[in-house]
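Have a look at the structure below, then the notes.
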2 protein chains.
Amino acid sequence: MKNYIKHDPWKIIEEGFDMKNHTASESLFSLGNGRFGQRANFEEKYSGKSLPGNYVAGVYYPDKTRVGWWKNGYPEYFAKVLNAPNWIGINVNIEGEELDLAKCKVSDFERILDMKEGYLHRKFTAELPSGKKVKVDAKRLLSMTDDETAVIKYQVEALNFSGKISFTPYIDGDVKNEDANYDEKFWDEVGKEVSGNEGYITVTTKKTDFHVCTGMKIKLFLDAKELEIKPQALVKDKYIQTRIDTEIQKGQTLCLVKYAAITSSMNYEKHEVLGACHKALVRACAKSFETMLKEQAHWWQAKWEHGDIIVNGDVAAQQGIRFNIFQLNQTYTGEDERLNIGPKGFTGEKYGGSTYWDTEAYCLPFYLATAEENVSRNLLKYRHKQLDKAIENAQKLGFKNGAALYPMVTMNGEECHNEWEITFEEIHRNGAIAFAIYDYVRYTGDKAYLAEFGLEVLIAISRFWSQRVSWSEAKKQYVMLGVTGPNEYENNVNNNWYTSKIAIWTLKYAQEALEYVKQTEPTRYTEILEKTNFNFKSENEKWSDIIENMYFAYNEELKVFMQQDGFMDKEQILAKDLPMAERPINQNWSWDRILRSVFIKQADVLQGIYLFEDEFDMDTIHRNFDFYEPRTVHESSLSPCVHSIIASKIGDNKRAYQFYLRTARLDLDDYNNEVHEGCHITSMAGTWMSFVKGFGGMRIKNDKPYFAPYIPEEWESYSFKVNFRQVILQIFVSKNEISIHNLSEKSIQLTVFDKDYNLNAKSKISV
Amino acid sequence: MKNYIKHDPWKIIEEGFDMKNHTASESLFSLGNGRFGQRANFEEKYSGKSLPGNYVAGVYYPDKTRVGWWKNGYPEYFAKVLNAPNWIGINVNIEGEELDLAKCKVSDFERILDMKEGYLHRKFTAELPSGKKVKVDAKRLLSMTDDETAVIKYQVEALNFSGKISFTPYIDGDVKNEDANYDEKFWDEVGKEVSGNEGYITVTTKKTDFHVCTGMKIKLFLDAKELEIKPQALVKDKYIQTRIDTEIQKGQTLCLVKYAAITSSMNYEKHEVLGACHKALVRACAKSFETMLKEQAHWWQAKWEHGDIIVNGDVAAQQGIRFNIFQLNQTYTGEDERLNIGPKGFTGEKYGGSTYWDTEAYCLPFYLATAEENVSRNLLKYRHKQLDKAIENAQKLGFKNGAALYPMVTMNGEECHNEWEITFEEIHRNGAIAFAIYDYVRYTGDKAYLAEFGLEVLIAISRFWSQRVSWSEAKKQYVMLGVTGPNEYENNVNNNWYTSKIAIWTLKYAQEALEYVKQTEPTRYTEILEKTNFNFKSENEKWSDIIENMYFAYNEELKVFMQQDGFMDKEQILAKDLPMAERPINQNWSWDRILRSVFIKQADVLQGIYLFEDEFDMDTIHRNFDFYEPRTVHESSLSPCVHSIIASKIGDNKRAYQFYLRTARLDLDDYNNEVHEGCHITSMAGTWMSFVKGFGGMRIKNDKPYFAPYIPEEWESYSFKVNFRQVILQIFVSKNEISIHNLSEKSIQLTVFDKDYNLNAKSKISV
């Protein structure tokens, strides 16, 4: 745990330079614009510990699988959004001395992530070994409005000397991934050019042949007056630079503006990538830094207008929730249906930038409520586009007849993960993808999506479930053997309650969807049946049989759902009895000990209750929460948010708030001492859920938004906004008041605490 | 499956040269003398596909673990008996042309492994691209009587030409392992020298710093007359050679004898290794090839005298069983308690030459019955020496108070394997090590072993079991959660019957051993209790409590032991219903499909019944066999032998013979198309067991050997010899007669078919 981040409602602030926090700060202060992103590496040379990170969304390298013992069905590669050319680099040399914060006396260091306006700001005074002092002020942004461009404004003031100074802006494509399986570099050079103050370099990923062109154009100002510069170019393998030698007088400020553009063959033909990069750079330069910053602030203003959460009376909580919202919006803008959300976003290499079930289970609700409908729709279409690959993947594992198993980890639809207990057995992900369709449809009302894309996916997933269960002659019921649930601290168990639950739910929903499409779009219905070669009679009947005869582990005595068969054979000790020195158990216990213990990484029975809440009465929810919560060690960042929501649901407000705290500032306070690897982007959406669904009690019921808000004792008031079918609602909650304000031009029907309201445009109700 | 090996009672014969069989033959024709061994690579250059293999027992390299996803408790390295300097090399150059069978027309090729006398013989005629023809005759042996020495006699006859010929004998230490995790080479050079017809090279293993010196000395004969030679030396990094240029006339035969010696720092101080190698070479040269061959034949004669099995009426069966006995004796001679038996012996790289539970469960009975008592005792002491490491290993996994978990795979006592479901959960190996003590004591009568070494091991293993079980409040019994049984087609299951069975058996036997040592050696008893800090009252009581209250899965309806909890929830289909195209399932099914299927790699319930046979009545054995056999796919080479023994036991002679066939010629006929990787050395001991314990019905009952022999229909007669407490018994069985001959100078009491006999020295009974 760290606590060096200064509390502020709109800014993430680091004051003073401590090298040991640098890699964590590189993660926290990351920038992204959905199209590309980067860790907060320094512009100037830094010889201290750093994890360089620049990433271009969708551009990946298939790194050959590394495994000790091969199992049939393992993938050949792990797709990695690879570390891309570094375009921020600006080396600064003062009278022969290199500016390098690892070798200077640094004072007045401040690093600020301005979340309101969307830029990174860094200030410091550095005393070089010779005693020369400079004051540096660097701002940079990755444009949200023109997502091929970015800009850096880098100012150096000579505090106590006059003399020669040279700036060497460069683009370095000779970079590597720290997590490369075989220590290889992933890029080859295609071409490069530098002339005057401008340069381009095009590189291509090995094997996948994605072309990425990165361009830069430099302007230099002395005390705000632009200088004519005659830079000297130098090129090396996968590297270009352009050096500017100039002079500075004591008290003067030199300001270098580095415009950058990044284009790739994701969006252009390979031969056009360079031209497009050139055009993007022209656009950026035409605007100037100040205009780009203004556009950026404007974009974020609109974003916050729709999706902000305000907490009064607790700056730390305010900062925490805004940081989560900010990072989510930097990671995924929803404009490109080929893209998705990696668990670390653009903030680190871990998890390879690939797509996990996190997207459907945790991120979708956030984007549904805070972004345009199309953003969520694109997240769904991403999986629809990969349906054929999911069918292939299931075939590899012996499934037939168009059954689909979506991968645990993927870039292009192919499975990338290689632990058998996860790759082959953590199949609940398939259910999350089905549930996301339902979640999207109930939120947006876009039932047409079913006929267009959803039903095909639901059929293929249902086929998987119907083949994955088997008949137990002993139980005279269907069982699901050999699975790993979301609680990954149990592997290869039988009848994981959550997995069976979501499987059966999928079958039912697929039947409903079939019926709906049949009724509303009979032609399309026939088309889908033909395309999928769906035998309505036999397949549908089989599904009904499974729905009716599925086995679920249940403990009659305790009246709780059993996480899996045999769970009560474990030693029933509680997380509170674990010595602190042994926690987290995943860093202190061998894997077998974790597996045979009762301890739960994230409680999947509660995950199921969260998803299918309406099926259970309050007592049941209570009993299951009281049974599973004390056994849960929350060693998944995705765990506390669901517990928080359920605690809110059952009125255990105190614990709801405790769980919330555990997730809201997880990264800012670096609870698990792992932020240097990157931020927990997808669990940030879980934090948002525990706020809006937990404290706000938001649900969708009967096609209408439903709220049951309360306020944690520690706060004065809070408010959040959600976007429901083109209506922006602002929910305000204080100790004395709950009000809901319709900020839109449309009226809306909604429910608060089981009472229905009709809320006119621009009007407000208080409860 | 292949069938190119010619049937012969005493020889393994390959006739004709087929390049595609070469790597398989390299395995089959392997030589070893317990101290070092090698694959049957060619002496002369061979540019075709080959797996070079020379191994020095006990000399290993700790290859850094390669794993996709690290788990706490994984080992840092996998120990590999590494590919050692190649000392067989003799390049042959004829008038500028290299002799290379991959580039010649080869005729009259014959490769013979003479099992009676213990040498490899190869003959061929090769026509070089120029049309020159030579006839080559090469014999080599690895001396059993002086296990630091070896010799090759390599004869070349010029069939159709006269001209220049040069021989280049060499030693090449610049070799690598095909299975190196990171494609590194494992040897560094220490020193080398060549002068005249003699040369030495000393290399050292990286990290472990084992020094190995390999020496050679050359003699050349023309038509049996020794020539004076003036060889030219050449050295390179980790390589020495000495070239002899000479002339040959049509019809003449040149004969090169290459004496070799191998010494290592296993047996000498590092600075003595070279001197020892020199001395060994002097010894070998003093003898000449013919004397060495004579000594070798003599050694094998004695070995066969004690341990041969004779089958009349079936040459294939005769060859199969002799091959197994021959390879076992080549692999392990029992003279060095630091050594053990790798699953592939000296015949390939696979499994790294490390020690598995195979030693105790399969090999020990073979050495007990065919070798001196000391050989088995050394196998047991190997584990006793590693007890401290086994305790450390258990500590890593959270066990306390001197509990020991022996590693799954080891070289020096440290765990080397890195699959969690095996490393941490396939803990039944601990039971096999305890059982081996019992097996040794009951066979040899050496009860003193318990006080000397056995009891300490039994206490430590029992402590492990007593901590590894846990109390199930639900069952009100002790359970054993999260284990992998010998049937590795189930992972992380609860209450694997076999593992629980051997655990409880261990506790009981440890109690007996405690009592025995207390009664017979009270001083030593006190010493052991103090050394192990054993609290007799509390620990012994706990063990009794577990023994009395252990849960075993059992099916009341079928009256069979259940392999594990939930086994009857599986789809109950049978191996016979599996399509041939899907077998072996481990090459055709994904791992999850194998795991949730009913199919069994090797039936561990039957393994338990085999070990603890006396506890079960015949009906119980029958029922369990009838239940598990049809579900077993025998995809472990260790599987069929146990099924064969049980089939013999229950009188299902036909199936016993079928299972026997499956194991006896497993390698010679290459059933699984994998012999190119090496021979299944440890399962060869299983084959021996299925003969002696199956057909011969041999057991130890009441301190006496017991036999219940029968003969498979297909045979005329068979006989085998066993060594029981210094008495050699020859059991002869034909259709009409069963006789037992005491070949020793001591009388013996024994039981045949439940009738007791007293058999005087040198006398015989017929039954």
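Labels for the structure tokens follow display order: chains A, B, ..., residues from 1 in each chain, ligands from 1.
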
Considering only C-alpha atoms, extract the chain B residues located within 6 Å of chain A and return them as a JSON list (two decimals) with C-alpha atoms, in the first residue's frame.
```json
[["chain", "number", "residue", "atom", "x", "y", "z"],
["B", 66, "ARG", "CA", 10.04, -23.18, -18.31],
["B", 67, "VAL", "CA", 6.44, -22.52, -17.45],
["B", 68, "GLY", "CA", 3.65, -20.37, -18.80],
["B", 72, "ASN", "CA", 3.98, -20.63, -5.67],
["B", 73, "GLY", "CA", 6.04, -23.66, -4.79],
["B", 397, "LEU", "CA", 3.92, -26.47, 0.72],
["B", 424, "PHE", "CA", 1.65, -30.62, -5.47],
["B", 472, "SER", "CA", -14.99, -33.17, 7.17],
["B", 474, "ALA", "CA", -20.18, -32.92, 6.85],
["B", 481, "LEU", "CA", -9.03, -33.27, -0.78],
["B", 482, "GLY", "CA", -7.35, -32.08, -3.94],
["B", 568, "MET", "CA", -20.52, -42.21, -10.83],
["B", 569, "ASP", "CA", -21.66, -38.80, -12.04],
["B", 590, "SER", "CA", -8.31, -31.90, -25.18],
["B", 592, "ASP", "CA", -10.68, -31.17, -20.09],
["B", 596, "ARG", "CA", -14.41, -35.27, -17.28]]
```

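Near Phe289 in chain B, within a cut-off of 12 Å and counting only C-alpha atoms, sit the residues Tyr119, Ala138, Lys139, Arg140, Leu141, Leu142, Ser143, Thr149, Ala150, Val151, Ile152, Lys153, Tyr154, Ile218, Lys219, Cys255, Leu256, Val257, Lys258, Tyr259, Ala260, Arg283, Ala284, Lys294, Glu295 and Gln296 of chain B, with same-chain residues fewer than 5 positions away left out.
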
Only N, CA and C atoms, please: the residues just picked out, written as a short mmCIF file (atom, residue, chain, number, x, y, z; two decimals), in the first residue's frame.
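Saved result, out.cif, follows:
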```
data_model
loop_
_atom_site.label_atom_id
_atom_site.label_comp_id
_atom_site.auth_asym_id
_atom_site.auth_seq_id
_atom_site.Cartn_x
_atom_site.Cartn_y
_atom_site.Cartn_z
N TYR B 119 26.89 -56.94 -25.99
CA TYR B 119 27.58 -55.98 -26.87
C TYR B 119 26.72 -55.66 -28.08
N ALA B 138 31.37 -53.37 -37.00
CA ALA B 138 31.68 -52.59 -35.80
C ALA B 138 31.06 -53.25 -34.58
N LYS B 139 31.89 -53.45 -33.58
CA LYS B 139 31.37 -53.99 -32.31
C LYS B 139 31.73 -53.02 -31.21
N ARG B 140 30.82 -52.87 -30.27
CA ARG B 140 31.24 -52.07 -29.11
C ARG B 140 30.55 -52.54 -27.84
N LEU B 141 31.21 -52.23 -26.75
CA LEU B 141 30.64 -52.61 -25.46
C LEU B 141 31.03 -51.59 -24.40
N LEU B 142 30.19 -51.49 -23.41
CA LEU B 142 30.45 -50.66 -22.24
C LEU B 142 30.69 -51.65 -21.10
N SER B 143 31.89 -51.66 -20.62
CA SER B 143 32.28 -52.74 -19.73
C SER B 143 31.47 -52.78 -18.44
N THR B 149 35.18 -48.02 -18.33
CA THR B 149 35.81 -48.26 -19.63
C THR B 149 34.82 -48.79 -20.67
N ALA B 150 35.23 -48.62 -21.91
CA ALA B 150 34.42 -49.08 -23.03
C ALA B 150 35.36 -49.28 -24.21
N VAL B 151 34.86 -49.98 -25.22
CA VAL B 151 35.75 -50.22 -26.37
C VAL B 151 34.92 -50.41 -27.64
N ILE B 152 35.53 -50.00 -28.74
CA ILE B 152 34.91 -50.18 -30.06
C ILE B 152 35.93 -50.87 -30.96
N LYS B 153 35.47 -51.85 -31.68
CA LYS B 153 36.33 -52.47 -32.70
C LYS B 153 35.65 -52.20 -34.04
N TYR B 154 36.34 -51.40 -34.86
CA TYR B 154 35.70 -50.89 -36.07
C TYR B 154 36.53 -51.34 -37.27
N ILE B 218 43.87 -45.16 -29.36
CA ILE B 218 43.56 -45.80 -30.64
C ILE B 218 44.63 -46.83 -31.00
N LYS B 219 44.20 -47.96 -31.51
CA LYS B 219 45.15 -48.89 -32.14
C LYS B 219 44.61 -49.24 -33.52
N CYS B 255 41.47 -52.47 -39.17
CA CYS B 255 40.69 -52.58 -37.94
C CYS B 255 41.16 -51.54 -36.94
N LEU B 256 40.27 -50.62 -36.61
CA LEU B 256 40.60 -49.61 -35.62
C LEU B 256 39.95 -49.98 -34.30
N VAL B 257 40.75 -50.03 -33.26
CA VAL B 257 40.19 -50.28 -31.93
C VAL B 257 40.28 -48.97 -31.15
N LYS B 258 39.13 -48.53 -30.68
CA LYS B 258 39.10 -47.27 -29.90
C LYS B 258 38.73 -47.64 -28.47
N TYR B 259 39.69 -47.53 -27.58
CA TYR B 259 39.43 -47.73 -26.16
C TYR B 259 38.96 -46.40 -25.58
N ALA B 260 38.01 -46.45 -24.69
CA ALA B 260 37.52 -45.20 -24.11
C ALA B 260 37.40 -45.36 -22.60
N ARG B 283 44.15 -49.57 -18.14
CA ARG B 283 43.58 -50.88 -17.81
C ARG B 283 42.91 -51.52 -19.03
N ALA B 284 42.13 -50.69 -19.72
CA ALA B 284 41.38 -51.22 -20.86
C ALA B 284 42.34 -51.68 -21.96
N LYS B 294 35.28 -60.95 -23.59
CA LYS B 294 35.15 -62.18 -22.81
C LYS B 294 34.64 -61.87 -21.39
N GLU B 295 35.23 -60.88 -20.76
CA GLU B 295 34.80 -60.48 -19.42
C GLU B 295 33.33 -60.09 -19.41
N GLN B 296 32.96 -59.38 -20.47
CA GLN B 296 31.59 -58.91 -20.59
C GLN B 296 30.62 -60.10 -20.66
#
```

**Message:** For range 722-738 of chain A, find every residue with an atom within 7 Å (counting only C-alpha atoms), except residues of its own chain fewer than 3 positions away, and show them as a PyMOL selection string.
**Reply:** chain A and resi 306-307+369-370+444+710-711+716-719+741-744+746+766-767

Generate a file of the selected residues that holds C-alpha atoms, formatted as a JSON list (two decimals), in the first residue's frame.
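Just written: selection15.json:
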```json
[["chain", "number", "residue", "atom", "x", "y", "z"],
["A", 306, "HIS", "CA", -22.88, 12.74, -19.01],
["A", 307, "GLY", "CA", -20.94, 10.47, -16.77],
["A", 369, "ALA", "CA", -25.01, 4.08, -18.55],
["A", 370, "THR", "CA", -22.38, 6.64, -19.44],
["A", 444, "THR", "CA", -31.31, 0.09, -24.39],
["A", 710, "TYR", "CA", -28.92, 5.53, 0.18],
["A", 711, "ILE", "CA", -25.86, 7.42, 1.33],
["A", 716, "GLU", "CA", -22.50, 14.57, 3.00],
["A", 717, "SER", "CA", -24.05, 14.01, -0.38],
["A", 718, "TYR", "CA", -23.36, 12.49, -3.74],
["A", 719, "SER", "CA", -24.75, 12.64, -7.21],
["A", 741, "HIS", "CA", -33.34, 15.34, -12.20],
["A", 742, "ASN", "CA", -34.15, 14.71, -15.83],
["A", 743, "LEU", "CA", -31.64, 16.86, -17.70],
["A", 744, "SER", "CA", -32.99, 15.99, -21.12],
["A", 746, "LYS", "CA", -37.60, 13.93, -23.16],
["A", 766, "SER", "CA", -37.54, 14.62, -4.70],
["A", 767, "VAL", "CA", -38.25, 11.56, -2.66]]
```

DSSP-assigned strand (DSSP E or B) among range 31-256 of chain A, expressed as a compact mmCIF listing (two decimals) with C-alpha atoms, in the first residue's frame:
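Contents of states-v9.txt, as written:
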```txt
# COMPACT_ATOMS: atom_id res chain seq x y z
CA LEU A 31 -2.79 8.71 -21.00
CA GLY A 32 -4.96 7.19 -23.69
CA PHE A 36 -3.46 4.68 -28.64
CA GLY A 37 -2.12 5.17 -25.16
CA GLN A 38 0.95 5.22 -23.04
CA ASN A 54 3.35 2.90 -25.76
CA TYR A 55 0.49 0.90 -27.17
CA VAL A 56 -1.60 1.12 -30.35
CA TYR A 60 -0.60 -7.02 -31.56
CA TYR A 61 2.13 -9.60 -31.83
CA PRO A 62 1.43 -13.33 -31.46
CA ASP A 63 4.13 -14.31 -29.00
CA LYS A 64 4.92 -18.01 -29.20
CA TYR A 77 0.62 -18.02 -29.23
CA PHE A 78 -0.34 -15.38 -26.73
CA ALA A 79 -1.43 -12.19 -28.49
CA LYS A 80 0.14 -9.09 -27.03
CA VAL A 81 -0.64 -5.47 -27.67
CA ASN A 86 8.26 5.70 -28.32
CA ILE A 90 13.07 14.57 -26.13
CA ASN A 91 16.65 14.36 -24.93
CA VAL A 92 17.93 17.57 -23.41
CA ASN A 93 21.64 18.35 -23.29
CA ILE A 94 22.96 21.37 -21.48
CA GLU A 97 25.42 17.37 -19.70
CA GLU A 98 22.39 15.19 -20.24
CA LYS A 105 19.00 17.04 -7.64
CA VAL A 106 15.29 17.38 -8.22
CA SER A 107 13.12 19.90 -6.42
CA ASP A 108 9.59 21.25 -6.80
CA PHE A 109 8.69 18.11 -8.68
CA GLU A 110 5.04 17.87 -9.43
CA ARG A 111 3.16 15.50 -11.66
CA ILE A 112 -0.48 16.16 -12.32
CA LEU A 113 -3.03 14.22 -14.25
CA ASP A 114 -5.73 16.75 -15.02
CA TYR A 119 -3.78 16.14 -20.02
CA LEU A 120 -0.61 15.30 -18.14
CA HIS A 121 1.43 18.04 -16.57
CA ARG A 122 4.87 17.74 -15.03
CA LYS A 123 7.00 20.43 -13.41
CA PHE A 124 10.35 20.27 -11.72
CA THR A 125 13.57 22.04 -11.04
CA ALA A 126 16.67 20.03 -11.71
CA GLU A 127 20.18 20.79 -10.64
CA LYS A 133 19.71 24.57 -12.74
CA VAL A 134 16.78 24.33 -15.06
CA LYS A 135 13.09 24.56 -14.45
CA VAL A 136 11.06 22.30 -16.67
CA ASP A 137 7.36 22.40 -17.39
CA ALA A 138 5.98 19.65 -19.65
CA LYS A 139 2.43 19.12 -20.76
CA ARG A 140 1.16 16.47 -23.05
CA LEU A 141 -2.08 15.14 -24.36
CA LEU A 142 -3.37 12.42 -26.65
CA THR A 149 -2.63 13.00 -33.01
CA ALA A 150 -0.90 14.04 -29.84
CA VAL A 151 1.25 16.90 -28.66
CA ILE A 152 3.87 17.76 -26.05
CA LYS A 153 4.81 21.21 -24.87
CA TYR A 154 8.17 21.02 -23.18
CA GLN A 155 9.55 24.19 -21.59
CA VAL A 156 13.00 24.66 -20.12
CA GLU A 157 14.01 27.75 -18.18
CA ALA A 158 17.67 28.43 -17.41
CA GLY A 163 24.96 28.49 -22.44
CA LYS A 164 24.46 25.92 -25.11
CA ILE A 165 21.46 23.67 -24.98
CA SER A 166 20.39 21.05 -27.42
CA PHE A 167 17.10 19.25 -27.77
CA THR A 168 16.93 15.89 -29.47
CA PRO A 169 13.36 14.89 -30.15
CA TYR A 170 13.26 11.35 -31.47
CA ILE A 171 11.07 8.39 -32.32
CA ASP A 172 12.43 5.06 -31.20
CA TRP A 187 9.09 -4.94 -34.67
CA ASP A 188 10.81 -4.72 -38.06
CA GLU A 189 11.48 -1.49 -39.86
CA VAL A 190 9.60 -0.65 -43.05
CA GLY A 191 10.97 2.81 -43.76
CA LYS A 192 11.87 6.17 -42.30
CA GLU A 193 12.59 9.74 -43.28
CA VAL A 194 13.70 12.84 -41.46
CA SER A 195 14.20 16.27 -42.87
CA GLU A 198 9.92 16.63 -39.30
CA GLY A 199 10.34 12.88 -39.34
CA TYR A 200 8.49 9.62 -39.86
CA ILE A 201 9.21 6.05 -39.16
CA THR A 202 7.14 3.07 -40.23
CA VAL A 203 7.55 -0.25 -38.51
CA THR A 204 5.78 -3.53 -38.89
CA THR A 205 5.00 -6.25 -36.38
CA HIS A 211 2.18 -1.33 -40.18
CA VAL A 212 2.44 1.58 -37.79
CA CYS A 213 3.72 4.95 -38.87
CA THR A 214 4.76 7.44 -36.21
CA GLY A 215 5.53 11.01 -37.17
CA MET A 216 6.80 14.06 -35.33
CA LYS A 217 7.14 17.71 -36.12
CA ILE A 218 9.01 20.15 -33.92
CA LYS A 219 8.63 23.83 -33.19
CA LEU A 220 10.85 25.80 -30.86
CA PHE A 221 10.04 29.05 -29.09
CA LEU A 222 12.23 31.36 -27.07
CA LYS A 225 8.72 33.73 -29.92
CA GLU A 226 9.13 31.02 -32.52
CA GLN A 232 20.45 17.84 -37.68
CA ALA A 233 18.97 14.49 -38.54
CA LEU A 234 20.33 11.15 -37.43
CA VAL A 235 18.86 7.76 -38.20
CA LYS A 236 19.63 4.32 -36.85
CA TYR A 239 15.12 5.07 -34.93
CA ILE A 240 15.05 8.68 -36.06
CA GLN A 241 16.06 11.88 -34.35
CA THR A 242 16.52 15.50 -35.21
CA ARG A 243 18.83 17.54 -33.01
CA ILE A 244 18.44 21.25 -32.43
CA ASP A 245 21.43 23.10 -31.00
CA THR A 246 20.68 26.49 -29.58
CA GLU A 247 21.66 28.87 -26.81
CA ILE A 248 19.85 29.99 -23.72
CA THR A 253 12.63 29.89 -21.37
CA LEU A 254 12.87 27.68 -24.39
CA CYS A 255 9.71 25.88 -25.35
CA LEU A 256 9.76 22.90 -27.63
```

**Asked** If you run DSSP on the backbone, which residues of range 433-515 of chain B are alpha helix (DSSP H), as a PyMOL selection string?
**Response** chain B and resi 433-444+448-449+455-468+497-515

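In this structure, CA of Thr526 in chain B sits 19.0 Å away from CA of Ala403 in chain B.
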
Interface rows for range 318-362 of chain A against range 266-276 of chain A: nearest pair, Å to one decimal, 12 Å, only C-alpha atoms, as CSV:
```
residue,atom,partner,partner_atom,distance
A:Asp336,CA,A:Asn267,CA,10.2
A:Glu337,CA,A:Met266,CA,11.9
A:Arg338,CA,A:Met266,CA,9.3
A:Leu339,CA,A:Met266,CA,10.4
```
